[in-house]
$ cat protein-v6.cif   # mmCIF, C-alpha atoms (C1' of nucleotides)
data_target
loop_
_atom_site.label_atom_id
_atom_site.label_comp_id
_atom_site.auth_asym_id
_atom_site.auth_seq_id
_atom_site.Cartn_x
_atom_site.Cartn_y
_atom_site.Cartn_z
CA MET Q 24 -137.09 6.06 113.03
CA ALA Q 25 -137.68 9.74 112.76
CA THR Q 26 -140.23 11.16 110.39
CA GLN Q 27 -139.13 12.42 107.02
CA GLY Q 28 -139.68 15.97 108.16
CA GLU Q 29 -137.36 15.52 111.11
CA ARG Q 30 -134.70 13.86 109.02
CA ARG Q 31 -134.90 16.65 106.49
CA ALA Q 32 -134.69 19.36 109.14
CA GLU Q 33 -131.63 17.80 110.74
CA THR Q 34 -129.87 17.39 107.42
CA ARG Q 35 -130.61 21.02 106.59
CA GLN Q 36 -129.16 22.23 109.87
CA ARG Q 37 -126.11 19.99 109.55
CA LEU Q 38 -125.42 21.38 106.09
CA LEU Q 39 -125.82 24.98 107.26
CA ASP Q 40 -123.49 24.45 110.22
CA ALA Q 41 -120.90 22.71 108.09
CA ALA Q 42 -121.06 25.48 105.50
CA ALA Q 43 -120.62 28.20 108.12
CA GLU Q 44 -117.55 26.45 109.50
CA LEU Q 45 -115.95 25.74 106.18
CA PHE Q 46 -116.69 29.15 104.66
CA ALA Q 47 -115.03 30.77 107.66
CA GLU Q 48 -112.08 28.36 107.62
CA ARG Q 49 -111.29 28.10 103.93
CA GLY Q 50 -113.40 30.78 102.30
CA ILE Q 51 -116.47 30.40 100.15
CA ASP Q 52 -114.55 29.70 96.97
CA GLY Q 53 -112.23 27.39 98.87
CA SER Q 54 -115.04 25.23 100.19
CA SER Q 55 -116.28 22.64 97.77
CA VAL Q 56 -119.82 21.35 97.91
CA ASP Q 57 -118.43 17.88 98.49
CA ALA Q 58 -116.35 19.07 101.45
CA ILE Q 59 -119.37 20.77 103.03
CA ALA Q 60 -121.49 17.68 102.58
CA GLU Q 61 -118.77 15.46 103.99
CA ARG Q 62 -118.42 17.54 107.15
CA ALA Q 63 -122.18 17.34 107.57
CA GLU Q 64 -121.91 13.56 107.15
CA ARG Q 65 -124.00 13.71 104.01
CA THR Q 66 -123.19 13.83 100.29
CA SER Q 67 -123.40 16.51 97.66
CA GLY Q 68 -126.74 15.18 96.49
CA ALA Q 69 -128.30 16.38 99.71
CA VAL Q 70 -126.96 19.87 99.14
CA TYR Q 71 -128.49 20.09 95.69
CA ASP Q 72 -131.79 18.68 96.86
CA HIS Q 73 -132.02 21.15 99.76
CA PHE Q 74 -130.52 24.34 98.37
CA GLY Q 75 -130.18 23.88 94.63
CA GLY Q 76 -126.49 24.69 94.66
CA LYS Q 77 -123.71 26.53 96.43
CA ASP Q 78 -125.33 29.97 96.11
CA GLY Q 79 -128.61 28.76 97.53
CA LEU Q 80 -126.77 27.32 100.49
CA LEU Q 81 -124.97 30.62 101.06
CA PHE Q 82 -128.16 32.67 101.00
CA ALA Q 83 -129.94 30.29 103.33
CA LEU Q 84 -126.99 30.50 105.69
CA LEU Q 85 -127.14 34.27 105.64
CA GLU Q 86 -130.82 34.31 106.57
CA SER Q 87 -130.68 31.84 109.41
CA TRP Q 88 -127.48 32.97 111.02
CA VAL Q 89 -128.20 36.68 111.16
CA ASP Q 90 -131.54 36.15 112.84
CA ASP Q 91 -129.91 34.09 115.58
CA VAL Q 92 -127.32 36.71 116.45
CA ALA Q 93 -129.70 39.67 116.36
CA VAL Q 94 -131.97 38.08 118.93
CA VAL Q 95 -129.15 37.56 121.42
CA ILE Q 96 -127.78 41.08 121.08
CA VAL Q 97 -131.10 42.83 121.50
CA ALA Q 98 -131.86 40.72 124.56
CA GLU Q 99 -128.59 41.57 126.23
CA LEU Q 100 -128.83 45.25 125.38
CA ALA Q 101 -132.14 45.47 127.18
CA THR Q 102 -130.54 44.55 130.51
CA ALA Q 103 -127.96 47.37 130.45
CA THR Q 104 -128.80 50.75 131.95
CA THR Q 105 -125.92 53.24 131.51
CA ILE Q 106 -124.45 54.21 128.17
CA ASP Q 107 -121.14 52.63 129.10
CA GLU Q 108 -122.86 49.36 129.92
CA ARG Q 109 -124.79 49.39 126.68
CA VAL Q 110 -121.74 50.17 124.64
CA ALA Q 111 -119.76 47.52 126.50
CA SER Q 112 -122.52 45.04 125.79
CA LEU Q 113 -122.36 45.81 122.08
CA TRP Q 114 -118.60 45.40 122.07
CA ARG Q 115 -118.69 42.14 123.97
CA ASN Q 116 -121.11 40.67 121.47
CA VAL Q 117 -118.71 41.55 118.67
CA SER Q 118 -115.41 40.63 120.30
CA ASP Q 119 -116.68 37.47 121.94
CA PRO Q 120 -119.81 36.51 120.02
CA PRO Q 121 -122.33 34.02 121.39
CA THR Q 122 -122.26 31.84 118.27
CA GLY Q 123 -119.81 30.95 115.56
CA GLY Q 124 -116.85 30.25 117.80
CA GLY Q 125 -114.82 33.33 116.95
CA ARG Q 126 -115.00 32.78 113.24
CA TRP Q 127 -117.73 35.35 112.95
CA LEU Q 128 -115.53 38.00 111.41
CA ALA Q 129 -113.98 35.59 108.93
CA LEU Q 130 -117.41 34.66 107.67
CA GLU Q 131 -118.45 38.29 107.56
CA HIS Q 132 -115.41 39.07 105.43
CA GLU Q 133 -116.22 36.22 103.13
CA LEU Q 134 -119.74 37.51 102.69
CA TRP Q 135 -118.48 41.03 102.00
CA SER Q 136 -116.09 39.84 99.34
CA TYR Q 137 -118.76 37.68 97.82
CA ALA Q 138 -121.31 40.48 97.91
CA ALA Q 139 -118.93 42.77 96.08
CA ARG Q 140 -119.25 40.47 93.06
CA ASN Q 141 -122.80 39.20 93.36
CA GLU Q 142 -125.88 41.39 93.17
CA GLY Q 143 -128.17 39.04 95.06
CA ALA Q 144 -125.76 38.74 97.95
CA ARG Q 145 -125.25 42.52 97.90
CA ASP Q 146 -128.96 43.15 98.41
CA HIS Q 147 -129.05 40.65 101.25
CA LEU Q 148 -126.16 42.34 102.98
CA ALA Q 149 -127.61 45.82 102.49
CA ARG Q 150 -130.91 44.80 104.05
CA ARG Q 151 -129.13 43.32 107.04
CA TYR Q 152 -127.07 46.42 107.69
CA ARG Q 153 -129.89 48.89 107.19
CA ALA Q 154 -131.96 46.98 109.71
CA ALA Q 155 -129.06 47.04 112.16
CA TRP Q 156 -128.54 50.78 111.65
CA SER Q 157 -132.08 51.74 112.34
CA GLY Q 158 -132.13 49.53 115.43
CA VAL Q 159 -129.03 51.29 116.73
CA ASP Q 160 -130.43 54.71 115.87
CA GLU Q 161 -133.56 54.11 117.89
CA ALA Q 162 -131.60 52.81 120.84
CA VAL Q 163 -129.07 55.64 120.88
CA ALA Q 164 -131.73 58.31 120.52
CA GLU Q 165 -133.46 56.83 123.53
CA TRP Q 166 -130.28 56.73 125.63
CA ALA Q 167 -129.37 60.26 124.70
CA GLY Q 168 -132.89 61.42 125.41
CA ALA Q 169 -132.77 63.68 122.38
CA ASP Q 170 -132.70 63.71 118.60
CA LEU Q 171 -129.38 62.85 116.98
CA ASP Q 172 -127.15 65.21 115.04
CA HIS Q 173 -126.28 62.34 112.74
CA SER Q 174 -127.48 58.80 112.22
CA ALA Q 175 -125.46 56.83 114.76
CA GLY Q 176 -126.02 53.45 113.16
CA PRO Q 177 -123.44 53.48 110.37
CA ALA Q 178 -120.77 55.08 112.56
CA LEU Q 179 -121.30 52.78 115.54
CA ILE Q 180 -121.62 49.57 113.56
CA GLY Q 181 -118.69 50.61 111.42
CA LEU Q 182 -116.56 51.26 114.48
CA LEU Q 183 -117.54 47.96 116.05
CA LEU Q 184 -116.54 46.10 112.90
CA GLY Q 185 -113.37 48.11 112.45
CA LEU Q 186 -112.28 47.63 116.04
CA GLU Q 187 -112.80 43.90 115.77
CA MET Q 188 -110.73 43.86 112.59
CA MET Q 189 -107.91 45.64 114.37
CA ARG Q 190 -108.22 43.27 117.33
CA GLN Q 191 -107.82 40.39 114.93
CA VAL Q 192 -104.50 41.81 113.79
CA ASP Q 193 -103.25 42.34 117.32
CA PRO Q 194 -105.49 41.41 120.25
CA ALA Q 195 -103.33 43.35 122.69
CA ALA Q 196 -103.73 46.58 120.74
CA VAL Q 197 -107.49 46.77 121.30
CA THR Q 198 -108.27 46.50 124.98
CA ASP Q 199 -111.85 46.56 126.16
CA GLU Q 200 -111.25 49.95 127.74
CA LEU Q 201 -109.96 51.39 124.50
CA ALA Q 202 -112.87 49.99 122.54
CA ILE Q 203 -115.44 51.30 124.99
CA ALA Q 204 -113.81 54.72 125.10
CA ALA Q 205 -113.85 54.96 121.32
CA LEU Q 206 -117.45 53.78 121.10
CA ARG Q 207 -118.50 56.29 123.73
CA GLY Q 208 -116.70 58.99 121.77
CA VAL Q 209 -118.73 58.19 118.68
CA VAL Q 210 -122.01 58.06 120.57
CA GLY Q 211 -121.20 61.47 121.98
CA ALA Q 212 -120.27 62.88 118.60
CA MET Q 213 -123.47 61.62 117.00
CA SER Q 214 -125.78 62.82 119.73
CA GLY Q 215 -124.07 66.16 120.03
CA VAL Q 216 -123.60 66.10 123.79
CA GLU Q 217 -120.13 67.61 123.69
CA ARG Q 218 -118.83 71.02 122.71
CA MET F 23 -85.24 47.67 71.47
CA ALA F 24 -85.41 48.16 75.16
CA THR F 25 -82.90 46.56 77.45
CA GLN F 26 -83.79 43.33 79.19
CA GLY F 27 -84.07 45.18 82.48
CA GLU F 28 -86.63 47.58 81.07
CA ARG F 29 -88.65 44.80 79.50
CA ARG F 30 -88.64 42.89 82.75
CA ALA F 31 -89.66 45.91 84.80
CA GLU F 32 -92.59 46.69 82.54
CA THR F 33 -93.81 43.11 82.55
CA ARG F 34 -93.59 43.05 86.33
CA GLN F 35 -95.65 46.22 86.65
CA ARG F 36 -98.22 45.04 84.11
CA LEU F 37 -98.68 41.82 86.04
CA LEU F 38 -99.05 43.65 89.36
CA ASP F 39 -101.62 46.06 87.93
CA ALA F 40 -103.59 43.28 86.30
CA ALA F 41 -103.56 41.25 89.51
CA ALA F 42 -104.78 44.19 91.60
CA GLU F 43 -107.67 44.75 89.19
CA LEU F 44 -108.68 41.13 88.94
CA PHE F 45 -108.32 40.37 92.64
CA ALA F 46 -110.62 43.28 93.41
CA GLU F 47 -113.09 42.36 90.67
CA ARG F 48 -113.33 38.61 91.04
CA GLY F 49 -111.49 37.84 94.24
CA ILE F 50 -108.16 36.17 94.71
CA ASP F 51 -109.50 32.65 94.38
CA GLY F 52 -111.64 33.72 91.46
CA SER F 53 -108.71 35.09 89.49
CA SER F 54 -106.75 32.48 87.60
CA VAL F 55 -103.10 32.95 86.82
CA ASP F 56 -103.93 32.71 83.15
CA ALA F 57 -106.55 35.46 83.43
CA ILE F 58 -104.10 37.77 85.20
CA ALA F 59 -101.43 37.14 82.59
CA GLU F 60 -103.90 37.68 79.78
CA ARG F 61 -105.00 41.06 81.13
CA ALA F 62 -101.35 42.03 81.38
CA GLU F 63 -100.90 40.93 77.75
CA ARG F 64 -98.47 38.24 78.81
CA THR F 65 -98.81 34.52 79.52
CA SER F 66 -98.74 32.46 82.68
CA GLY F 67 -95.10 31.61 82.08
CA ALA F 68 -94.18 35.20 82.85
CA VAL F 69 -96.02 35.03 86.17
CA TYR F 70 -94.12 31.97 87.28
CA ASP F 71 -90.82 33.37 86.14
CA HIS F 72 -91.38 36.66 88.00
CA PHE F 73 -93.22 35.63 91.15
CA GLY F 74 -92.98 31.86 91.37
CA GLY F 75 -96.74 31.46 91.62
CA LYS F 76 -99.96 33.06 92.70
CA ASP F 77 -98.90 33.60 96.30
CA GLY F 78 -95.69 35.30 95.32
CA LEU F 79 -97.65 37.64 93.10
CA LEU F 80 -100.00 38.47 95.94
CA PHE F 81 -97.21 39.27 98.38
CA ALA F 82 -95.39 41.40 95.85
CA LEU F 83 -98.62 43.27 95.17
CA LEU F 84 -99.08 43.89 98.85
CA GLU F 85 -95.61 45.39 99.23
CA SER F 86 -95.70 47.70 96.27
CA TRP F 87 -99.20 48.95 96.62
CA VAL F 88 -99.10 49.81 100.30
CA ASP F 89 -95.97 51.87 99.89
CA ASP F 90 -97.59 53.93 97.14
CA VAL F 91 -100.65 54.82 99.17
CA ALA F 92 -98.77 55.58 102.37
CA VAL F 93 -96.64 58.18 100.63
CA VAL F 94 -99.67 60.05 99.28
CA ILE F 95 -101.51 60.08 102.59
CA VAL F 96 -98.59 61.33 104.64
CA ALA F 97 -97.93 64.09 102.13
CA GLU F 98 -101.52 65.31 102.20
CA LEU F 99 -101.75 65.13 105.96
CA ALA F 100 -98.78 67.46 106.26
CA THR F 101 -100.66 70.29 104.55
CA ALA F 102 -103.62 70.26 106.96
CA THR F 103 -103.54 72.43 110.07
CA THR F 104 -106.70 71.95 112.18
CA ILE F 105 -107.85 68.62 113.55
CA ASP F 106 -110.96 68.74 111.40
CA GLU F 107 -108.86 69.25 108.30
CA ARG F 108 -106.55 66.42 109.19
CA VAL F 109 -109.39 64.08 109.95
CA ALA F 110 -111.14 65.11 106.74
CA SER F 111 -107.95 64.44 104.83
CA LEU F 112 -107.74 60.94 106.28
CA TRP F 113 -111.34 60.26 105.38
CA ARG F 114 -111.00 61.55 101.87
CA ASN F 115 -108.05 59.26 101.24
CA VAL F 116 -110.16 56.31 102.31
CA SER F 117 -113.47 57.21 100.67
CA ASP F 118 -111.92 58.46 97.44
CA PRO F 119 -108.46 56.96 97.31
CA PRO F 120 -105.76 58.28 94.97
CA THR F 121 -105.09 54.85 93.44
CA GLY F 122 -107.00 51.67 92.77
CA GLY F 123 -110.08 53.28 91.28
CA GLY F 124 -112.44 52.68 94.18
CA ARG F 125 -111.73 48.99 94.37
CA TRP F 126 -109.43 49.55 97.30
CA LEU F 127 -111.79 48.13 99.88
CA ALA F 128 -112.59 45.09 97.79
CA LEU F 129 -108.91 44.26 97.58
CA GLU F 130 -108.48 44.92 101.28
CA HIS F 131 -111.28 42.48 102.04
CA GLU F 132 -109.73 39.90 99.81
CA LEU F 133 -106.45 40.25 101.62
CA TRP F 134 -108.13 39.96 105.00
CA SER F 135 -109.91 36.80 104.00
CA TYR F 136 -106.76 35.40 102.54
CA ALA F 137 -104.73 36.35 105.60
CA ALA F 138 -107.18 34.53 107.84
CA ARG F 139 -106.08 31.29 106.20
CA ASN F 140 -102.45 31.96 105.39
CA GLU F 141 -99.76 32.64 107.98
CA GLY F 142 -97.41 34.46 105.64
CA ALA F 143 -100.12 36.83 104.50
CA ARG F 144 -101.19 37.32 108.12
CA ASP F 145 -97.74 38.52 109.11
CA HIS F 146 -97.64 40.88 106.17
CA LEU F 147 -100.98 42.38 107.12
CA ALA F 148 -100.01 42.71 110.78
CA ARG F 149 -96.84 44.58 109.90
CA ARG F 150 -98.75 46.97 107.67
CA TYR F 151 -101.33 47.77 110.29
CA ARG F 152 -98.89 48.15 113.14
CA ALA F 153 -96.91 50.62 111.09
CA ALA F 154 -100.07 52.55 110.29
CA TRP F 155 -101.12 52.60 113.93
CA SER F 156 -97.87 54.00 115.21
CA GLY F 157 -97.89 56.63 112.47
CA VAL F 158 -101.36 57.72 113.51
CA ASP F 159 -100.44 57.69 117.19
CA GLU F 160 -97.54 60.03 116.64
CA ALA F 161 -99.62 62.38 114.54
CA VAL F 162 -102.57 62.50 116.93
CA ALA F 163 -100.34 63.04 119.96
CA GLU F 164 -98.79 65.97 118.17
CA TRP F 165 -102.17 67.49 117.24
CA ALA F 166 -103.49 67.04 120.74
CA GLY F 167 -100.30 68.47 122.18
CA ALA F 168 -100.40 65.89 124.94
CA ASP F 169 -100.00 62.22 125.70
CA LEU F 170 -102.91 59.99 124.75
CA ASP F 171 -105.22 58.17 127.12
CA HIS F 172 -105.31 55.28 124.66
CA SER F 173 -103.50 54.37 121.48
CA ALA F 174 -105.50 56.19 118.82
CA GLY F 175 -104.19 54.14 115.90
CA PRO F 176 -106.36 51.02 116.13
CA ALA F 177 -109.51 52.99 116.91
CA LEU F 178 -109.02 55.58 114.17
CA ILE F 179 -107.92 53.17 111.48
CA GLY F 180 -110.67 50.80 112.52
CA LEU F 181 -113.28 53.54 112.28
CA LEU F 182 -112.00 54.66 108.89
CA LEU F 183 -112.26 51.11 107.56
CA GLY F 184 -115.62 50.52 109.19
CA LEU F 185 -117.08 53.76 107.88
CA GLU F 186 -115.96 52.94 104.37
CA MET F 187 -117.55 49.52 104.67
CA MET F 188 -120.84 51.11 105.69
CA ARG F 189 -120.54 53.63 102.87
CA GLN F 190 -120.15 50.74 100.47
CA VAL F 191 -123.47 49.31 101.64
CA ASP F 192 -125.25 52.65 101.31
CA PRO F 193 -123.30 55.71 100.13
CA ALA F 194 -126.05 58.06 101.24
CA ALA F 195 -125.91 56.78 104.81
CA VAL F 196 -122.34 57.95 105.39
CA THR F 197 -122.01 61.61 104.50
CA ASP F 198 -118.66 63.33 104.82
CA GLU F 199 -120.01 65.36 107.74
CA LEU F 200 -121.08 62.23 109.58
CA ALA F 201 -117.73 60.57 108.99
CA ILE F 202 -115.77 63.59 110.12
CA ALA F 203 -117.92 64.02 113.21
CA ALA F 204 -117.42 60.40 114.18
CA LEU F 205 -113.68 60.55 113.56
CA ARG F 206 -113.40 63.71 115.62
CA GLY F 207 -115.34 61.96 118.38
CA VAL F 208 -112.81 59.15 118.47
CA VAL F 209 -109.83 61.48 118.39
CA GLY F 210 -111.36 63.32 121.34
CA ALA F 211 -112.04 60.12 123.25
CA MET F 212 -108.49 58.87 122.75
CA SER F 213 -106.78 62.09 123.69
CA GLY F 214 -109.06 62.68 126.64
CA VAL F 215 -109.92 66.28 125.80
CA GLU F 216 -113.57 65.94 126.76
CA ARG F 217 -115.40 65.38 130.00
"C1'" DC D 19 -70.16 37.50 65.62
"C1'" DA D 20 -70.57 33.33 68.13
"C1'" DA D 21 -71.73 31.41 72.59
"C1'" DC D 22 -74.44 32.13 76.28
"C1'" DT D 23 -78.16 33.90 79.12
"C1'" DT D 24 -82.40 36.07 79.96
"C1'" DA D 25 -87.36 36.72 79.35
"C1'" DC D 26 -91.15 35.08 78.17
"C1'" DA D 27 -94.41 31.73 75.31
"C1'" DT D 28 -96.39 27.18 74.58
"C1'" DA D 29 -98.20 22.68 75.70
"C1'" DG D 30 -100.06 19.63 78.62
"C1'" DG D 31 -100.52 16.74 83.00
"C1'" DG D 32 -102.96 15.90 87.13
"C1'" DA D 33 -106.23 17.30 90.19
"C1'" DG D 34 -110.42 19.37 91.77
"C1'" DC D 35 -114.58 21.74 90.81
"C1'" DG D 36 -119.97 22.37 90.24
"C1'" DC D 37 -123.60 20.13 88.65
"C1'" DT D 38 -126.83 16.49 86.47
"C1'" DA D 39 -128.75 12.02 85.91
"C1'" DT D 40 -129.91 8.18 88.02
"C1'" DG D 41 -130.00 4.68 91.69
"C1'" DT D 42 -131.39 3.12 96.45
"C1'" DT D 43 -133.51 3.29 100.75
"C1'" DT D 44 -136.87 4.99 103.94
"C1'" DC D 45 -141.18 6.84 105.01
"C1'" DT D 46 -146.26 7.84 104.10
"C1'" DG D 47 -151.13 7.63 102.59
"C1'" DG D 48 -154.84 4.75 101.35
"C1'" DC C 21 -149.43 -3.94 103.06
"C1'" DC C 22 -148.27 -1.81 99.07
"C1'" DA C 23 -147.79 1.69 95.45
"C1'" DG C 24 -145.75 6.13 95.28
"C1'" DA C 25 -143.17 9.83 96.90
"C1'" DA C 26 -139.57 11.81 99.51
"C1'" DA C 27 -134.69 11.99 101.03
"C1'" DC C 28 -130.53 11.24 100.16
"C1'" DA C 29 -126.40 8.49 97.75
"C1'" DT C 30 -123.61 7.39 93.70
"C1'" DA C 31 -121.31 7.98 89.34
"C1'" DG C 32 -119.46 10.62 86.12
"C1'" DC C 33 -119.25 14.61 82.57
"C1'" DG C 34 -117.19 18.72 81.20
"C1'" DC C 35 -114.62 22.31 82.64
"C1'" DT C 36 -111.08 25.04 84.89
"C1'" DC C 37 -107.26 25.51 87.69
"C1'" DC C 38 -102.20 25.60 89.19
"C1'" DC C 39 -98.05 24.29 87.93
"C1'" DT C 40 -93.97 22.08 85.28
"C1'" DA C 41 -91.27 21.09 81.31
"C1'" DT C 42 -89.72 22.69 77.36
"C1'" DG C 43 -89.30 25.77 73.28
"C1'" DT C 44 -87.86 30.23 71.17
"C1'" DA C 45 -86.53 34.78 70.26
"C1'" DA C 46 -84.19 38.71 71.94
"C1'" DG C 47 -80.41 40.73 74.45
"C1'" DT C 48 -75.67 40.41 76.41
"C1'" DT C 49 -70.87 39.24 76.77
"C1'" DG C 50 -66.16 38.27 75.41
#
$ encode --input "protein-v6.cif" --output "structure tokens"
Amino acid sequence: MATQGERRAETRQRLLDAAAELFAERGIDGSSVDAIAERAERTSGAVYDHFGGKDGLLFALLESWVDDVAVVIVAELATATTIDERVASLWRNVSDPPTGGGRWLALEHELWSYAARNEGARDHLARRYRAAWSGVDEAVAEWAGADLDHSAGPALIGLLLGLEMMRQVDPAAVTDELAIAALRGVVGAMSGVER
Amino acid sequence: MATQGERRAETRQRLLDAAAELFAERGIDGSSVDAIAERAERTSGAVYDHFGGKDGLLFALLESWVDDVAVVIVAELATATTIDERVASLWRNVSDPPTGGGRWLALEHELWSYAARNEGARDHLARRYRAAWSGVDEAVAEWAGADLDHSAGPALIGLLLGLEMMRQVDPAAVTDELAIAALRGVVGAMSGVER
DNA sequence: CAACTTACATAGGGAGCGCTATGTTTCTGG
DNA sequence: CCAGAAACATAGCGCTCCCTATGTAAGTTG
């Protein structure tokens, strides 16, 4: 048999995966602790022992999952050389993300809605986004080879999210070319290369 | 006494207003029918008589509320003359909307999450956004005085939504100047005026 | 003004929820 | 090998939710 530590680690991961799936599918409020435990092939007792409750599970999910995605994106960005390639890389990671099986945006929406009503979740979300902004700012400043007129982070991340939302409504309406053109337009506007 | 028609109309509006407030505050799942009715100073019986249930109330809310906002935005857009003014007008209507008391985005998020799990709501949302896109496309083509390289609707609406999301995380990070610069960048990229 | 209808209120059933208290099995340290 | 702890399972309490069935008062119609 496995050690207790191994058993515990696997149960933890199973619960996190199950929660991510169910939150995206049915919403946070729509996912009962029992349903999450059942999908993880455990029972609710395990959830309470590991995370103390539904909120604890949500916060733990937020931590683990964001770290995973950030690593992949940064790695792929480093291989691109032109601005178009970099922007395309960003867009690809949003429109066809490496993890989460396309339910990424659904979960993100759930977290937003939840954060709007929960201070702890709000702080979590704010930290995540501020970190992402400053990462983007550094990268864009480097590409542009100059200081920025405006912070590019909020505008670029916002556009990425907004484009993906629109693509969700109608995939045909947001082609890759359109997305890349729009993203390039914002990069240009923030770095002041035009006009 | 008022006529039955008047009574009915007022109850309907009270219920819609109460639902919009509560959905934004506590989420759709977090708002019970009884709580909505109580805020409207009615009882749950009135909700079921008027809308047949929670879903019916949500759909009715969607119809009425979108129409209201669209009218205001189109009217204000008509008074602007330069592209910057028009873009600023769009942004102002998103960042400081005429109705809903700032809870606009919270309700929008709720609807998105709900639509992800409900086909009827998904169709509603798609219709709304497609209408908004084509409206924006027509307007931008007219401003630019030329055909567009890409459909500007999805990119512009997406950026507006995304910027407002970022502003929600940190109001100081998304100044009006930044938002307008980014929006202008996208308009330029879609109409192909640069490069 | 009586019969009818409309508009909403009231009461409660049935189901599901989060969480706690406690039981059972598996591992670990001496 | 055996106490004790750790990891999870089980049972059930108290609450809330959506919805239906039914009651009642006000308005409408002939």
$ residues_around --input "protein-v6.cif" --residues "Tyr71 (chain Q)" --least-positions-apart "2" --cutoff "12 Å" --atoms "only C-alpha atoms (C1' of nucleotides)" --output "ChimeraX atom specification"
/Q:35,38,56-57,59-60,65-69,73-80 /D:36-38 /C:27-29
$ write_last_selection --input "protein-v6.cif" --atoms "C-alpha atoms (C1' of nucleotides)" --output "PDB file, keeping the file's coordinate frame"
ATOM      1  CA  ARG Q  35    -130.610  21.020 106.590  1.00  0.00           C
ATOM      2  CA  LEU Q  38    -125.420  21.380 106.090  1.00  0.00           C
ATOM      3  CA  VAL Q  56    -119.820  21.350  97.910  1.00  0.00           C
ATOM      4  CA  ASP Q  57    -118.430  17.880  98.490  1.00  0.00           C
ATOM      5  CA  ILE Q  59    -119.370  20.770 103.030  1.00  0.00           C
ATOM      6  CA  ALA Q  60    -121.490  17.680 102.580  1.00  0.00           C
ATOM      7  CA  ARG Q  65    -124.000  13.710 104.010  1.00  0.00           C
ATOM      8  CA  THR Q  66    -123.190  13.830 100.290  1.00  0.00           C
ATOM      9  CA  SER Q  67    -123.400  16.510  97.660  1.00  0.00           C
ATOM     10  CA  GLY Q  68    -126.740  15.180  96.490  1.00  0.00           C
ATOM     11  CA  ALA Q  69    -128.300  16.380  99.710  1.00  0.00           C
ATOM     12  CA  HIS Q  73    -132.020  21.150  99.760  1.00  0.00           C
ATOM     13  CA  PHE Q  74    -130.520  24.340  98.370  1.00  0.00           C
ATOM     14  CA  GLY Q  75    -130.180  23.880  94.630  1.00  0.00           C
ATOM     15  CA  GLY Q  76    -126.490  24.690  94.660  1.00  0.00           C
ATOM     16  CA  LYS Q  77    -123.710  26.530  96.430  1.00  0.00           C
ATOM     17  CA  ASP Q  78    -125.330  29.970  96.110  1.00  0.00           C
ATOM     18  CA  GLY Q  79    -128.610  28.760  97.530  1.00  0.00           C
ATOM     19  CA  LEU Q  80    -126.770  27.320 100.490  1.00  0.00           C
TER      20      LEU Q  80
ATOM     21  C1'  DG D  36    -119.970  22.370  90.240  1.00  0.00           C
ATOM     22  C1'  DC D  37    -123.600  20.130  88.650  1.00  0.00           C
ATOM     23  C1'  DT D  38    -126.830  16.490  86.470  1.00  0.00           C
TER      24       DT D  38
ATOM     25  C1'  DA C  27    -134.690  11.990 101.030  1.00  0.00           C
ATOM     26  C1'  DC C  28    -130.530  11.240 100.160  1.00  0.00           C
ATOM     27  C1'  DA C  29    -126.400   8.490  97.750  1.00  0.00           C
TER      28       DA C  29
END
$ interface_residues --input "protein-v6.cif" --of "chain D" --to "chain Q" --cutoff "10 Å" --atoms "all atoms listed in the file" --output "list of chain:residue names"
D:DG34, D:DC35, D:DG36, D:DC37, D:DT44, D:DC45, D:DT46
$ interface_residues --input "protein-v6.cif" --of "chain F" --to "chain Q" --cutoff "8 Å" --atoms "all atoms listed in the file" --output "PyMOL selection string"
chain F and resi 47-49+51-52+128+131-132+134-135+138-139+144+147-148+151+172-173+176-177+179-188+191-192+195-196+200-201+203-208+210-212+216
$ axis_aligned_box --input "protein-v6.cif" --around "region 142-158 of chain F" --padding-each-side "5 Å" --output "JSON"
{"center_x": -99.1, "center_y": 46.1, "center_z": 109.9, "size_x": 14.5, "size_y": 33.3, "size_z": 20.7}
$ closest_residue --input "protein-v6.cif" --among "F:Val162, F:Asp71, F:Trp126, F:Ala42" --to "DT24 (chain D)" --atoms "only C-alpha atoms (C1' of nucleotides)"
F:Asp71
$ resolve_selection --input "protein-v6.cif" --expression "the PyMOL selection byres ((chain C) within 12 of (chain F))" --output "ChimeraX atom specification"
/C:36-42,46-48
$ resolve_selection --input "protein-v6.cif" --expression "the PyMOL selection byres ((chain Q and resi 100) around 12)" --output "count of residues only"
28
$ resolve_selection --input "protein-v6.cif" --expression "the PyMOL selection byres ((chain Q and resi 41) around 9)" --output "ChimeraX atom specification"
/Q:36-40,42-46,58-63
$ write_last_selection --input "protein-v6.cif" --atoms "C-alpha atoms" --output "PDB file, in the frame of the given file"
ATOM      1  CA  GLN Q  36    -129.160  22.230 109.870  1.00  0.00           C
ATOM      2  CA  ARG Q  37    -126.110  19.990 109.550  1.00  0.00           C
ATOM      3  CA  LEU Q  38    -125.420  21.380 106.090  1.00  0.00           C
ATOM      4  CA  LEU Q  39    -125.820  24.980 107.260  1.00  0.00           C
ATOM      5  CA  ASP Q  40    -123.490  24.450 110.220  1.00  0.00           C
ATOM      6  CA  ALA Q  42    -121.060  25.480 105.500  1.00  0.00           C
ATOM      7  CA  ALA Q  43    -120.620  28.200 108.120  1.00  0.00           C
ATOM      8  CA  GLU Q  44    -117.550  26.450 109.500  1.00  0.00           C
ATOM      9  CA  LEU Q  45    -115.950  25.740 106.180  1.00  0.00           C
ATOM     10  CA  PHE Q  46    -116.690  29.150 104.660  1.00  0.00           C
ATOM     11  CA  ALA Q  58    -116.350  19.070 101.450  1.00  0.00           C
ATOM     12  CA  ILE Q  59    -119.370  20.770 103.030  1.00  0.00           C
ATOM     13  CA  ALA Q  60    -121.490  17.680 102.580  1.00  0.00           C
ATOM     14  CA  GLU Q  61    -118.770  15.460 103.990  1.00  0.00           C
ATOM     15  CA  ARG Q  62    -118.420  17.540 107.150  1.00  0.00           C
ATOM     16  CA  ALA Q  63    -122.180  17.340 107.570  1.00  0.00           C
TER      17      ALA Q  63
END
